[in-house]
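Below: work-v5.pdb (PDB, C-alpha atoms)
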```
ATOM      1  CA  MET A   1      14.348 -11.554  13.930
ATOM      2  CA  PRO A   2      12.037 -13.458  16.309
ATOM      3  CA  PRO A   3      13.883 -14.913  19.312
ATOM      4  CA  LEU A   4      14.585 -18.634  19.373
ATOM      5  CA  SER A   5      11.966 -19.038  22.102
ATOM      6  CA  VAL A   6       9.138 -17.997  19.763
ATOM      7  CA  LYS A   7       6.461 -20.673  19.584
ATOM      8  CA  MET A   8       5.997 -20.949  15.856
ATOM      9  CA  SER A   9       2.760 -22.912  16.289
ATOM     10  CA  LEU A  10       1.123 -19.697  17.521
ATOM     11  CA  PRO A  11       0.056 -16.975  15.089
ATOM     12  CA  LEU A  12       2.723 -14.284  14.892
ATOM     13  CA  VAL A  13       1.829 -10.588  15.096
ATOM     14  CA  ILE A  14       4.441  -8.261  13.592
ATOM     15  CA  ILE A  15       3.976  -4.795  15.072
ATOM     16  CA  ASN A  16       5.426  -1.629  13.602
ATOM     17  CA  PRO A  17       5.522   0.782  16.580
ATOM     18  CA  ALA A  18       6.494   3.653  14.275
ATOM     19  CA  SER A  19       3.309   3.387  12.201
ATOM     20  CA  ALA A  20       0.575   6.034  12.486
ATOM     21  CA  GLY A  21       3.282   8.575  13.244
ATOM     22  CA  GLY A  22       4.408   6.556  16.260
ATOM     23  CA  ALA A  23       0.903   6.225  17.728
ATOM     24  CA  THR A  24       0.966   2.423  17.352
ATOM     25  CA  ALA A  25       3.640   2.183  20.046
ATOM     26  CA  ASP A  26       1.294   3.838  22.549
ATOM     27  CA  ALA A  27      -1.787   1.996  21.310
ATOM     28  CA  TRP A  28      -0.239  -1.487  21.247
ATOM     29  CA  PRO A  29      -1.131  -2.532  24.849
ATOM     30  CA  LYS A  30      -4.817  -1.839  24.184
ATOM     31  CA  ILE A  31      -4.676  -3.444  20.728
ATOM     32  CA  ALA A  32      -2.995  -6.528  22.222
ATOM     33  CA  SER A  33      -5.666  -6.788  24.909
ATOM     34  CA  GLU A  34      -8.484  -6.648  22.345
ATOM     35  CA  LEU A  35      -6.695  -9.176  20.146
ATOM     36  CA  ARG A  36      -6.330 -11.673  23.011
ATOM     37  CA  ALA A  37      -9.957 -11.197  24.042
ATOM     38  CA  ASN A  38     -11.406 -11.615  20.548
ATOM     39  CA  PHE A  39      -8.848 -13.843  18.810
ATOM     40  CA  GLY A  40      -6.838 -15.807  21.346
ATOM     41  CA  PRO A  41      -3.126 -16.368  22.093
ATOM     42  CA  PHE A  42      -0.445 -15.080  19.749
ATOM     43  CA  GLN A  43       3.265 -14.312  19.643
ATOM     44  CA  PRO A  44       4.294 -10.631  19.192
ATOM     45  CA  ALA A  45       7.375  -9.313  17.386
ATOM     46  CA  LEU A  46       8.094  -5.573  17.217
ATOM     47  CA  THR A  47      10.079  -4.104  14.338
ATOM     48  CA  THR A  48      12.913  -1.681  15.066
ATOM     49  CA  LYS A  49      13.838  -0.459  11.567
ATOM     50  CA  PRO A  50      12.424  -0.174   8.045
ATOM     51  CA  ALA A  51      12.043  -3.441   6.090
ATOM     52  CA  GLU A  52      12.567  -5.568   9.216
ATOM     53  CA  GLY A  53       9.013  -6.828   8.855
ATOM     54  CA  ILE A  54      10.077  -8.577   5.637
ATOM     55  CA  GLU A  55      12.867 -10.448   7.440
ATOM     56  CA  ILE A  56      10.722 -11.410  10.427
ATOM     57  CA  ALA A  57       7.808 -12.633   8.277
ATOM     58  CA  ALA A  58      10.048 -14.648   5.941
ATOM     59  CA  ASP A  59      11.869 -16.280   8.867
ATOM     60  CA  ALA A  60       8.617 -17.145  10.630
ATOM     61  CA  ALA A  61       7.051 -18.597   7.476
ATOM     62  CA  ARG A  62      10.092 -20.796   6.874
ATOM     63  CA  LYS A  63       9.854 -22.051  10.450
ATOM     64  CA  GLY A  64       6.260 -23.131   9.935
ATOM     65  CA  THR A  65       4.103 -20.260  11.212
ATOM     66  CA  LYS A  66       0.757 -20.590   9.432
ATOM     67  CA  LEU A  67      -0.790 -17.173  10.187
ATOM     68  CA  ILE A  68       1.331 -14.003  10.225
ATOM     69  CA  ILE A  69      -0.522 -10.826  11.196
ATOM     70  CA  ALA A  70       0.623  -7.319  10.268
ATOM     71  CA  CYS A  71      -0.148  -4.629  12.857
ATOM     72  CA  GLY A  72       0.437  -1.237  11.272
ATOM     73  CA  GLY A  73      -0.401   0.669   8.109
ATOM     74  CA  ASP A  74      -0.135  -0.133   4.427
ATOM     75  CA  GLY A  75       3.671  -0.143   4.540
ATOM     76  CA  THR A  76       3.710  -2.691   7.365
ATOM     77  CA  ILE A  77       1.146  -4.902   5.623
ATOM     78  CA  SER A  78       3.222  -4.733   2.449
ATOM     79  CA  GLU A  79       6.415  -5.678   4.313
ATOM     80  CA  VAL A  80       4.805  -8.722   5.922
ATOM     81  CA  ALA A  81       3.316  -9.792   2.582
ATOM     82  CA  ASN A  82       6.732  -9.437   0.936
ATOM     83  CA  GLY A  83       8.269 -11.625   3.628
ATOM     84  CA  ILE A  84       5.661 -14.345   3.166
ATOM     85  CA  LEU A  85       6.049 -14.263  -0.610
ATOM     86  CA  ALA A  86       9.860 -14.282  -0.399
ATOM     87  CA  SER A  87       9.774 -17.332   1.875
ATOM     88  CA  GLY A  88       8.034 -19.497  -0.732
ATOM     89  CA  CYS A  89       5.973 -21.003   2.091
ATOM     90  CA  ASP A  90       2.217 -21.324   2.445
ATOM     91  CA  ALA A  91       1.737 -18.875   5.323
ATOM     92  CA  GLU A  92      -1.418 -16.752   5.464
ATOM     93  CA  LEU A  93      -1.501 -12.968   5.946
ATOM     94  CA  GLY A  94      -3.727 -11.374   8.571
ATOM     95  CA  ILE A  95      -4.348  -7.651   9.083
ATOM     96  CA  LEU A  96      -4.662  -5.719  12.342
ATOM     97  CA  PRO A  97      -4.924  -2.088  11.209
ATOM     98  CA  SER A  98      -2.993   0.675  12.967
ATOM     99  CA  GLY A  99      -1.591   3.105  10.419
ATOM    100  CA  THR A 100      -2.016   6.410   8.625
ATOM    101  CA  GLY A 101      -3.548   5.467   5.289
ATOM    102  CA  GLY A 102      -5.437   2.186   5.747
ATOM    103  CA  ASP A 103      -6.000   1.840   2.015
ATOM    104  CA  PHE A 104      -5.553  -1.903   1.500
ATOM    105  CA  ARG A 105      -7.733  -2.889   4.441
ATOM    106  CA  ARG A 106     -10.537  -0.777   2.891
ATOM    107  CA  THR A 107     -10.432  -2.867  -0.276
ATOM    108  CA  ILE A 108     -10.999  -6.117   1.641
ATOM    109  CA  ASP A 109     -13.390  -4.523   4.176
ATOM    110  CA  ILE A 110     -11.271  -4.952   7.292
ATOM    111  CA  PRO A 111     -12.625  -2.561   9.962
ATOM    112  CA  ASN A 112     -10.274  -0.076  11.600
ATOM    113  CA  ARG A 113     -11.256  -1.083  15.172
ATOM    114  CA  ALA A 114      -8.903  -3.647  16.682
ATOM    115  CA  GLY A 115     -11.642  -5.731  18.301
ATOM    116  CA  ALA A 116     -13.650  -6.047  15.088
ATOM    117  CA  ALA A 117     -10.513  -6.838  13.065
ATOM    118  CA  ALA A 118      -9.602  -9.521  15.622
ATOM    119  CA  VAL A 119     -12.969 -11.213  15.145
ATOM    120  CA  ILE A 120     -12.262 -11.431  11.402
ATOM    121  CA  LEU A 121      -8.849 -12.934  12.162
ATOM    122  CA  ARG A 122     -10.640 -15.567  14.268
ATOM    123  CA  ASP A 123     -13.711 -16.282  12.127
ATOM    124  CA  GLY A 124     -12.853 -14.982   8.660
ATOM    125  CA  GLN A 125     -12.293 -16.907   5.451
ATOM    126  CA  THR A 126      -9.077 -17.422   3.513
ATOM    127  CA  ARG A 127      -8.832 -15.997  -0.011
ATOM    128  CA  SER A 128      -6.023 -16.266  -2.538
ATOM    129  CA  ILE A 129      -5.419 -12.872  -4.132
ATOM    130  CA  ASP A 130      -3.295 -11.434  -6.926
ATOM    131  CA  VAL A 131      -0.241  -9.365  -6.051
ATOM    132  CA  GLY A 132       1.859  -7.003  -8.113
ATOM    133  CA  ARG A 133       5.594  -7.381  -8.685
ATOM    134  CA  ALA A 134       7.535  -4.213  -9.439
ATOM    135  CA  SER A 135      11.102  -4.021 -10.751
ATOM    136  CA  TYR A 136      12.630  -0.540 -10.563
ATOM    137  CA  THR A 137      15.881   1.352 -10.114
ATOM    138  CA  THR A 138      17.260   2.640  -6.820
ATOM    139  CA  GLY A 139      20.034   4.961  -5.805
ATOM    140  CA  SER A 140      22.219   2.144  -4.514
ATOM    141  CA  VAL A 141      21.704  -0.779  -6.913
ATOM    142  CA  GLU A 142      20.952  -1.137 -10.598
ATOM    143  CA  GLN A 143      17.573  -2.829 -10.100
ATOM    144  CA  GLU A 144      15.412  -4.048  -7.236
ATOM    145  CA  THR A 145      12.200  -6.097  -7.144
ATOM    146  CA  ARG A 146       9.378  -5.846  -4.623
ATOM    147  CA  TYR A 147       5.794  -7.073  -4.370
ATOM    148  CA  PHE A 148       2.853  -4.754  -3.760
ATOM    149  CA  LEU A 149      -0.728  -5.461  -2.710
ATOM    150  CA  GLY A 150      -2.496  -2.194  -3.397
ATOM    151  CA  VAL A 151      -1.252   0.442  -5.808
ATOM    152  CA  ALA A 152       1.974   1.420  -7.517
ATOM    153  CA  SER A 153       2.057   4.994  -8.783
ATOM    154  CA  PHE A 154       4.169   7.917  -9.890
ATOM    155  CA  GLY A 155       3.635  11.596 -10.480
ATOM    156  CA  MET A 156       1.874  13.763  -7.939
ATOM    157  CA  SER A 157       1.131  10.808  -5.641
ATOM    158  CA  ALA A 158       4.806  10.184  -4.870
ATOM    159  CA  ASP A 159       5.232  13.826  -3.873
ATOM    160  CA  VAL A 160       2.116  13.580  -1.679
ATOM    161  CA  ILE A 161       3.513  10.513   0.117
ATOM    162  CA  ALA A 162       6.838  12.268   0.674
ATOM    163  CA  ARG A 163       5.028  15.227   2.256
ATOM    164  CA  VAL A 164       2.852  12.971   4.460
ATOM    165  CA  LYS A 165       5.941  11.136   5.701
ATOM    166  CA  ALA A 166       7.583  14.459   6.509
ATOM    167  CA  GLY A 167       5.008  14.994   9.272
ATOM    168  CA  ARG A 168       1.428  15.897  10.120
ATOM    169  CA  PRO A 169       0.186  19.440   9.440
ATOM    170  CA  GLN A 170       1.295  21.730  12.274
ATOM    171  CA  TRP A 171      -2.164  23.250  12.584
ATOM    172  CA  LEU A 172      -3.820  19.876  13.270
ATOM    173  CA  PRO A 173      -4.605  19.342  16.991
ATOM    174  CA  ALA A 174      -2.269  16.869  18.701
ATOM    175  CA  LYS A 175      -5.200  14.795  20.001
ATOM    176  CA  ALA A 176      -7.125  14.660  16.719
ATOM    177  CA  PRO A 177      -8.593  11.196  15.928
ATOM    178  CA  ARG A 178      -6.427   8.975  13.728
ATOM    179  CA  TRP A 179      -8.952   8.921  10.858
ATOM    180  CA  LEU A 180      -9.093  12.727  10.876
ATOM    181  CA  THR A 181      -5.312  13.007  11.035
ATOM    182  CA  SER A 182      -5.023  10.694   8.029
ATOM    183  CA  ARG A 183      -7.544  12.586   5.894
ATOM    184  CA  PHE A 184      -6.092  16.010   6.714
ATOM    185  CA  SER A 185      -2.489  14.849   6.275
ATOM    186  CA  PHE A 186      -3.167  13.465   2.800
ATOM    187  CA  GLY A 187      -5.490  16.350   1.879
ATOM    188  CA  SER A 188      -3.007  18.999   2.934
ATOM    189  CA  ALA A 189      -0.169  17.229   1.111
ATOM    190  CA  MET A 190      -2.278  16.912  -2.055
ATOM    191  CA  LEU A 191      -3.000  20.653  -2.074
ATOM    192  CA  GLN A 192       0.696  21.488  -1.721
ATOM    193  CA  SER A 193       1.690  19.019  -4.425
ATOM    194  CA  ALA A 194      -1.006  20.193  -6.837
ATOM    195  CA  ALA A 195       0.217  23.773  -6.496
ATOM    196  CA  ARG A 196       3.871  22.932  -7.197
ATOM    197  CA  MET A 197       4.122  19.771  -9.289
ATOM    198  CA  LYS A 198       5.024  19.812 -12.971
ATOM    199  CA  PRO A 199       3.531  17.262 -15.413
ATOM    200  CA  THR A 200       5.363  13.962 -15.800
ATOM    201  CA  ARG A 201       6.355  12.884 -19.327
ATOM    202  CA  VAL A 202       6.713   9.116 -19.675
ATOM    203  CA  LEU A 203       6.804   6.260 -22.167
ATOM    204  CA  ILE A 204       4.165   3.640 -21.243
ATOM    205  CA  GLN A 205       3.649   0.143 -22.644
ATOM    206  CA  LEU A 206       0.665  -2.073 -21.705
ATOM    207  CA  ASP A 207       1.202  -5.804 -22.249
ATOM    208  CA  ASP A 208       2.462  -6.352 -25.825
ATOM    209  CA  LYS A 209       0.925  -3.187 -27.299
ATOM    210  CA  SER A 210       3.031  -0.421 -28.770
ATOM    211  CA  ALA A 211       4.630   1.970 -26.265
ATOM    212  CA  GLN A 212       2.980   5.395 -26.059
ATOM    213  CA  ARG A 213       4.371   8.778 -25.068
ATOM    214  CA  THR A 214       2.108  10.521 -22.573
ATOM    215  CA  THR A 215       2.044  13.420 -20.122
ATOM    216  CA  VAL A 216       0.362  12.762 -16.795
ATOM    217  CA  ALA A 217      -0.279  14.419 -13.479
ATOM    218  CA  ASN A 218      -0.402  10.923 -12.009
ATOM    219  CA  LEU A 219      -0.457   7.317 -13.138
ATOM    220  CA  CYS A 220      -1.594   4.381 -10.982
ATOM    221  CA  VAL A 221      -1.043   0.666 -11.509
ATOM    222  CA  ALA A 222      -3.768  -0.646  -9.238
ATOM    223  CA  ASN A 223      -4.287  -4.132  -7.879
ATOM    224  CA  ALA A 224      -6.684  -2.803  -5.215
ATOM    225  CA  LYS A 225      -9.214   0.038  -5.170
ATOM    226  CA  TYR A 226      -7.769   2.627  -2.770
ATOM    227  CA  PHE A 227      -4.650   4.702  -2.241
ATOM    228  CA  GLY A 228      -3.673   8.109  -0.858
ATOM    229  CA  GLY A 229      -5.514   7.865   2.450
ATOM    230  CA  GLY A 230      -8.917   6.747   1.195
ATOM    231  CA  MET A 231      -8.949   7.887  -2.453
ATOM    232  CA  LYS A 232     -10.947   5.367  -4.517
ATOM    233  CA  ILE A 233      -8.587   5.610  -7.471
ATOM    234  CA  ALA A 234      -9.531   2.288  -9.120
ATOM    235  CA  PRO A 235     -13.203   1.672  -8.294
ATOM    236  CA  ASP A 236     -13.451  -1.347 -10.592
ATOM    237  CA  ALA A 237     -10.262  -3.095  -9.424
ATOM    238  CA  LYS A 238     -10.566  -6.744  -8.428
ATOM    239  CA  LEU A 239      -8.004  -8.727  -6.440
ATOM    240  CA  THR A 240      -8.603 -11.956  -8.341
ATOM    241  CA  ASP A 241      -8.981 -11.017 -12.025
ATOM    242  CA  GLY A 242      -5.329 -11.397 -13.054
ATOM    243  CA  LYS A 243      -5.185  -7.778 -14.272
ATOM    244  CA  PHE A 244      -4.072  -4.362 -13.065
ATOM    245  CA  ASP A 245      -6.391  -1.380 -13.444
ATOM    246  CA  VAL A 246      -4.191   1.297 -15.029
ATOM    247  CA  VAL A 247      -5.569   4.751 -14.238
ATOM    248  CA  SER A 248      -3.860   7.696 -15.911
ATOM    249  CA  ILE A 249      -4.777  11.244 -14.883
ATOM    250  CA  GLY A 250      -3.755  13.698 -17.566
ATOM    251  CA  ASP A 251      -2.123  17.093 -17.322
ATOM    252  CA  LEU A 252      -4.657  18.864 -15.096
ATOM    253  CA  SER A 253      -4.446  22.472 -13.974
ATOM    254  CA  LEU A 254      -4.498  23.271 -10.252
ATOM    255  CA  SER A 255      -8.071  24.537 -10.517
ATOM    256  CA  ARG A 256      -9.224  21.327 -12.246
ATOM    257  CA  ILE A 257      -7.509  19.174  -9.599
ATOM    258  CA  LEU A 258      -9.141  21.091  -6.757
ATOM    259  CA  ALA A 259     -12.555  21.150  -8.431
ATOM    260  CA  ASN A 260     -12.522  17.400  -9.069
ATOM    261  CA  ALA A 261     -10.872  16.171  -5.855
ATOM    262  CA  PRO A 262     -14.227  14.832  -4.510
ATOM    263  CA  LEU A 263     -14.641  12.726  -7.663
ATOM    264  CA  LEU A 264     -11.238  11.114  -7.007
ATOM    265  CA  TYR A 265     -12.102  10.264  -3.411
ATOM    266  CA  PHE A 266     -15.475   8.733  -4.250
ATOM    267  CA  GLY A 267     -14.381   6.861  -7.375
ATOM    268  CA  ALA A 268     -16.417   8.898  -9.862
ATOM    269  CA  HIS A 269     -13.462  10.253 -11.851
ATOM    270  CA  LEU A 270     -13.217   7.619 -14.612
ATOM    271  CA  SER A 271     -15.729   9.571 -16.722
ATOM    272  CA  MET A 272     -13.532  12.689 -16.753
ATOM    273  CA  PRO A 273     -12.041  13.414 -20.208
ATOM    274  CA  GLU A 274      -8.555  13.771 -18.666
ATOM    275  CA  VAL A 275      -8.695  10.283 -17.108
ATOM    276  CA  GLN A 276      -7.791   7.129 -19.031
ATOM    277  CA  HIS A 277      -8.493   3.602 -17.746
ATOM    278  CA  ALA A 278      -7.209   0.287 -19.064
ATOM    279  CA  LEU A 279      -6.577  -3.296 -17.945
ATOM    280  CA  ALA A 280      -3.187  -4.975 -18.309
ATOM    281  CA  ALA A 281      -1.123  -7.755 -16.754
ATOM    282  CA  LYS A 282       2.222  -6.104 -17.497
ATOM    283  CA  ILE A 283       3.156  -2.430 -17.664
ATOM    284  CA  THR A 284       6.489  -0.782 -18.354
ATOM    285  CA  ALA A 285       7.143   2.903 -17.665
ATOM    286  CA  SER A 286      10.222   5.018 -18.295
ATOM    287  CA  PRO A 287      11.017   8.750 -18.383
ATOM    288  CA  ILE A 288      11.048  10.379 -21.796
ATOM    289  CA  ASP A 289      13.828  12.594 -20.492
ATOM    290  CA  LYS A 290      16.507  10.040 -19.560
ATOM    291  CA  ASP A 291      18.041  12.433 -17.012
ATOM    292  CA  GLN A 292      14.777  12.929 -15.117
ATOM    293  CA  ARG A 293      14.341  11.093 -11.802
ATOM    294  CA  ILE A 294      10.686  10.079 -11.443
ATOM    295  CA  GLN A 295       9.999   8.672  -8.002
ATOM    296  CA  LEU A 296       7.936   5.501  -7.604
ATOM    297  CA  GLU A 297       5.390   4.854  -4.866
ATOM    298  CA  LEU A 298       4.468   1.295  -3.802
ATOM    299  CA  ASP A 299       1.841   0.686  -1.095
ATOM    300  CA  GLY A 300       2.570   4.083   0.446
ATOM    301  CA  GLU A 301       6.366   3.680   0.403
ATOM    302  CA  LEU A 302       8.980   5.324  -1.846
ATOM    303  CA  PRO A 303      11.482   2.575  -2.726
ATOM    304  CA  GLY A 304      12.948   3.809  -6.021
ATOM    305  CA  PHE A 305      12.525   5.376  -9.430
ATOM    306  CA  LEU A 306      11.515   4.756 -13.035
ATOM    307  CA  PRO A 307      12.193   2.979 -15.328
ATOM    308  CA  ALA A 308      10.006   0.264 -13.852
ATOM    309  CA  THR A 309       8.131  -2.863 -14.875
ATOM    310  CA  PHE A 310       4.940  -4.010 -13.147
ATOM    311  CA  GLN A 311       3.642  -7.575 -13.500
ATOM    312  CA  ILE A 312       0.606  -9.257 -11.981
ATOM    313  CA  VAL A 313       1.186 -12.512 -10.074
ATOM    314  CA  PRO A 314      -2.185 -14.303 -10.014
ATOM    315  CA  ARG A 315      -3.507 -15.819  -6.748
ATOM    316  CA  ALA A 316      -0.062 -15.605  -5.139
ATOM    317  CA  LEU A 317      -0.989 -14.712  -1.550
ATOM    318  CA  ARG A 318      -3.391 -16.236   0.975
ATOM    319  CA  ILE A 319      -5.094 -13.656   3.167
ATOM    320  CA  ARG A 320      -7.671 -13.729   6.000
ATOM    321  CA  CYS A 321     -10.797 -11.792   4.952
ATOM    322  CA  PRO A 322     -14.331 -11.190   6.235
ATOM    323  CA  ARG A 323     -16.885 -13.849   5.403
TER     324      ARG A 323
END
```

Give the structure from this file in structure tokens form.
Amino acid sequence: MPPLSVKMSLPLVIINPASAGGATADAWPKIASELRANFGPFQPALTTKPAEGIEIAADAARKGTKLIIACGGDGTISEVANGILASGCDAELGILPSGTGGDFRRTIDIPNRAGAAAVILRDGQTRSIDVGRASYTTGSVEQETRYFLGVASFGMSADVIARVKAGRPQWLPAKAPRWLTSRFSFGSAMLQSAARMKPTRVLIQLDDKSAQRTTVANLCVANAKYFGGGMKIAPDAKLTDGKFDVVSIGDLSLSRILANAPLLYFGAHLSMPEVQHALAAKITASPIDKDQRIQLELDGELPGFLPATFQIVPRALRIRCPR
């Protein structure tokens, strides 16, 4: 939690030093310097454990902080957004990128350079965007609910995220640029997952339509365009249309996945016969095999398992964006 001496009139920056594989801890002094030079004074708060960003953001919003900035990757941004939304207060989210994936900031065109992102924090415009609300099962409680900004998914993507979190490829040079590390980490993990994953059999219901049995390599419930370290999975997604873009990738062979990987990254995959696309405000998903544990991915984190329900919450979050 922020110390009692925090000046809540100042914007609060919540820093996740463990993001980008721990590189944010080393980069923070330079990031802070560029933020002060291009944005102005702020109050920092460093997280020390997972989900602490939610607590810090909620506490700050309740105490009257008007702008709360997330410094980290997609998981950090999601935590801060969850804290603001949980508070019920009218705080605004700002983004100072420093993470592995950087998928949500791509959707709203936030640059990866700290100085340029700081200028947007200073001069940008405020938009009210939709968020997703996911209810799912966990190993410790019957059901849990969490908001997401970008994409919720299951299938191969959850396995990819688990592999990325396990560590960077050993063959990648230690001093490789962050953008290169991100691309190779996700690319390497996708190759491993594609070679080993079995198709996922699920029961899917969109809005009030009849539930359908389907077999997928991956299914995404997308509020934003990108996931998986720059993959443009939902090229038509809009943050203000009150709908999710539901993108289902069918049971593809390894060779088909490898051959069409460029289409997935550049958003040209919706024309593939194995890919289905639909719009919906509410989606439910459950395993056909009741004993199967299908892991769920939300904004690059792995919080739980199916069965799950995803609902759009229109214009629920204020966020600082480029003009």

Please enumerate the residues selected by the PyMOL selection byres ((chain A and resi 320) around 10) when evaluated against the supplied file, formatted as a ChimeraX atom specification.
/A:67-69,92-95,108,110,120-128,318-319,321-323

Spatial sel., origin (-7.7, -5.9, 21.3), limit 10 Å, all atoms listed in the file, listed as an MDAnalysis selection string:
chainID A and resid 27:40 96 113:119

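Nearest to Lys66 in chain A of all the residues A:Ser9, A:Ser248, A:Gln311, A:Ser135 is A:Ser9, counting all atoms listed in the file.
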
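Here the question is which of A:Leu206, A:Ala280, A:Ala158, A:Ala91 gets nearest to Leu306 in chain A using all atoms listed in the file, and that residue is A:Ala158.
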
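On the file presented, the PyMOL selection byres ((chain A and resi 234) around 9) picks out A:Cys220, A:Val221, A:Ala222, A:Asn223, A:Ala224, A:Lys225, A:Tyr226, A:Phe227, A:Met231, A:Lys232, A:Ile233, A:Pro235, A:Asp236, A:Ala237, A:Asp245, A:Val246, A:Val247, A:Gly267, A:Leu270, A:His277.
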
Of the candidates A:Lys243, A:Val313, A:Asn112, A:Thr214, which one gets nearest to Glu274 in chain A if we count all atoms listed in the file?
A:Thr214

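When all atoms listed in the file are used to measure the gap to Asp26 in chain A, the shortest distance among A:Ser98, A:Lys49, A:Val80, A:Lys238 belongs to A:Ser98.
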
Determine the residue set returned by the PyMOL selection byres ((chain A and resi 145) around 7) for the present structure, and present it as a ChimeraX atom specification.
/A:133-136,143-144,146

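Note that CA of Thr240 in chain A and CA of Ala57 in chain A are 23.4 Å apart.
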
Write out as a list in words which residues come within 9 Å of Gly64 in chain A when counting only C-alpha atoms, dropping same-chain ones fewer than 2 positions away.
Met8, Ser9, Asp59, Ala60, Ala61, Arg62, Lys66, Cys89, Asp90 and Ala91 of chain A

With N, CA and C atoms as the atom set, please write range 43-62 of chain A from the structure just given, as a PDB file, in the first residue's frame.
```pdb
ATOM      1  N   GLN A  43       4.173  10.669  -7.942  1.00  0.00           N
ATOM      2  CA  GLN A  43       4.475   9.875  -6.748  1.00  0.00           C
ATOM      3  C   GLN A  43       4.665   8.420  -7.166  1.00  0.00           C
ATOM      4  N   PRO A  44       5.815   7.785  -6.878  1.00  0.00           N
ATOM      5  CA  PRO A  44       6.013   6.384  -7.261  1.00  0.00           C
ATOM      6  C   PRO A  44       5.593   5.414  -6.163  1.00  0.00           C
ATOM      7  N   ALA A  45       5.172   4.217  -6.577  1.00  0.00           N
ATOM      8  CA  ALA A  45       4.893   3.122  -5.648  1.00  0.00           C
ATOM      9  C   ALA A  45       5.302   1.826  -6.336  1.00  0.00           C
ATOM     10  N   LEU A  46       6.248   1.104  -5.773  1.00  0.00           N
ATOM     11  CA  LEU A  46       6.731  -0.142  -6.354  1.00  0.00           C
ATOM     12  C   LEU A  46       5.989  -1.334  -5.756  1.00  0.00           C
ATOM     13  N   THR A  47       5.572  -2.255  -6.611  1.00  0.00           N
ATOM     14  CA  THR A  47       4.933  -3.474  -6.123  1.00  0.00           C
ATOM     15  C   THR A  47       6.000  -4.478  -5.683  1.00  0.00           C
ATOM     16  N   THR A  48       5.611  -5.339  -4.749  1.00  0.00           N
ATOM     17  CA  THR A  48       6.544  -6.340  -4.220  1.00  0.00           C
ATOM     18  C   THR A  48       6.041  -7.767  -4.396  1.00  0.00           C
ATOM     19  N   LYS A  49       4.796  -7.917  -4.891  1.00  0.00           N
ATOM     20  CA  LYS A  49       4.218  -9.255  -5.048  1.00  0.00           C
ATOM     21  C   LYS A  49       3.102  -9.193  -6.075  1.00  0.00           C
ATOM     22  N   PRO A  50       2.726 -10.338  -6.639  1.00  0.00           N
ATOM     23  CA  PRO A  50       1.626 -10.360  -7.606  1.00  0.00           C
ATOM     24  C   PRO A  50       0.335  -9.821  -7.013  1.00  0.00           C
ATOM     25  N   ALA A  51      -0.433  -9.117  -7.840  1.00  0.00           N
ATOM     26  CA  ALA A  51      -1.745  -8.554  -7.507  1.00  0.00           C
ATOM     27  C   ALA A  51      -1.677  -7.357  -6.567  1.00  0.00           C
ATOM     28  N   GLU A  52      -0.484  -6.953  -6.124  1.00  0.00           N
ATOM     29  CA  GLU A  52      -0.394  -5.800  -5.236  1.00  0.00           C
ATOM     30  C   GLU A  52      -0.788  -4.514  -5.956  1.00  0.00           C
ATOM     31  N   GLY A  53      -0.579  -4.489  -7.274  1.00  0.00           N
ATOM     32  CA  GLY A  53      -0.978  -3.317  -8.037  1.00  0.00           C
ATOM     33  C   GLY A  53      -2.460  -3.030  -7.935  1.00  0.00           C
ATOM     34  N   ILE A  54      -3.276  -4.083  -7.800  1.00  0.00           N
ATOM     35  CA  ILE A  54      -4.724  -3.911  -7.633  1.00  0.00           C
ATOM     36  C   ILE A  54      -5.006  -3.167  -6.328  1.00  0.00           C
ATOM     37  N   GLU A  55      -4.368  -3.617  -5.249  1.00  0.00           N
ATOM     38  CA  GLU A  55      -4.585  -3.009  -3.931  1.00  0.00           C
ATOM     39  C   GLU A  55      -4.136  -1.556  -3.907  1.00  0.00           C
ATOM     40  N   ILE A  56      -2.947  -1.301  -4.464  1.00  0.00           N
ATOM     41  CA  ILE A  56      -2.400   0.059  -4.436  1.00  0.00           C
ATOM     42  C   ILE A  56      -3.285   1.007  -5.245  1.00  0.00           C
ATOM     43  N   ALA A  57      -3.688   0.563  -6.453  1.00  0.00           N
ATOM     44  CA  ALA A  57      -4.516   1.421  -7.313  1.00  0.00           C
ATOM     45  C   ALA A  57      -5.871   1.697  -6.676  1.00  0.00           C
ATOM     46  N   ALA A  58      -6.499   0.675  -6.113  1.00  0.00           N
ATOM     47  CA  ALA A  58      -7.814   0.862  -5.485  1.00  0.00           C
ATOM     48  C   ALA A  58      -7.722   1.823  -4.313  1.00  0.00           C
ATOM     49  N   ASP A  59      -6.682   1.670  -3.482  1.00  0.00           N
ATOM     50  CA  ASP A  59      -6.504   2.537  -2.318  1.00  0.00           C
ATOM     51  C   ASP A  59      -6.271   3.984  -2.755  1.00  0.00           C
ATOM     52  N   ALA A  60      -5.434   4.161  -3.776  1.00  0.00           N
ATOM     53  CA  ALA A  60      -5.149   5.515  -4.250  1.00  0.00           C
ATOM     54  C   ALA A  60      -6.389   6.174  -4.844  1.00  0.00           C
ATOM     55  N   ALA A  61      -7.165   5.412  -5.619  1.00  0.00           N
ATOM     56  CA  ALA A  61      -8.377   5.969  -6.222  1.00  0.00           C
ATOM     57  C   ALA A  61      -9.368   6.400  -5.152  1.00  0.00           C
ATOM     58  N   ARG A  62      -9.503   5.590  -4.111  1.00  0.00           N
ATOM     59  CA  ARG A  62     -10.435   5.938  -3.027  1.00  0.00           C
ATOM     60  C   ARG A  62      -9.971   7.173  -2.266  1.00  0.00           C
TER      61      ARG A  62
END
```
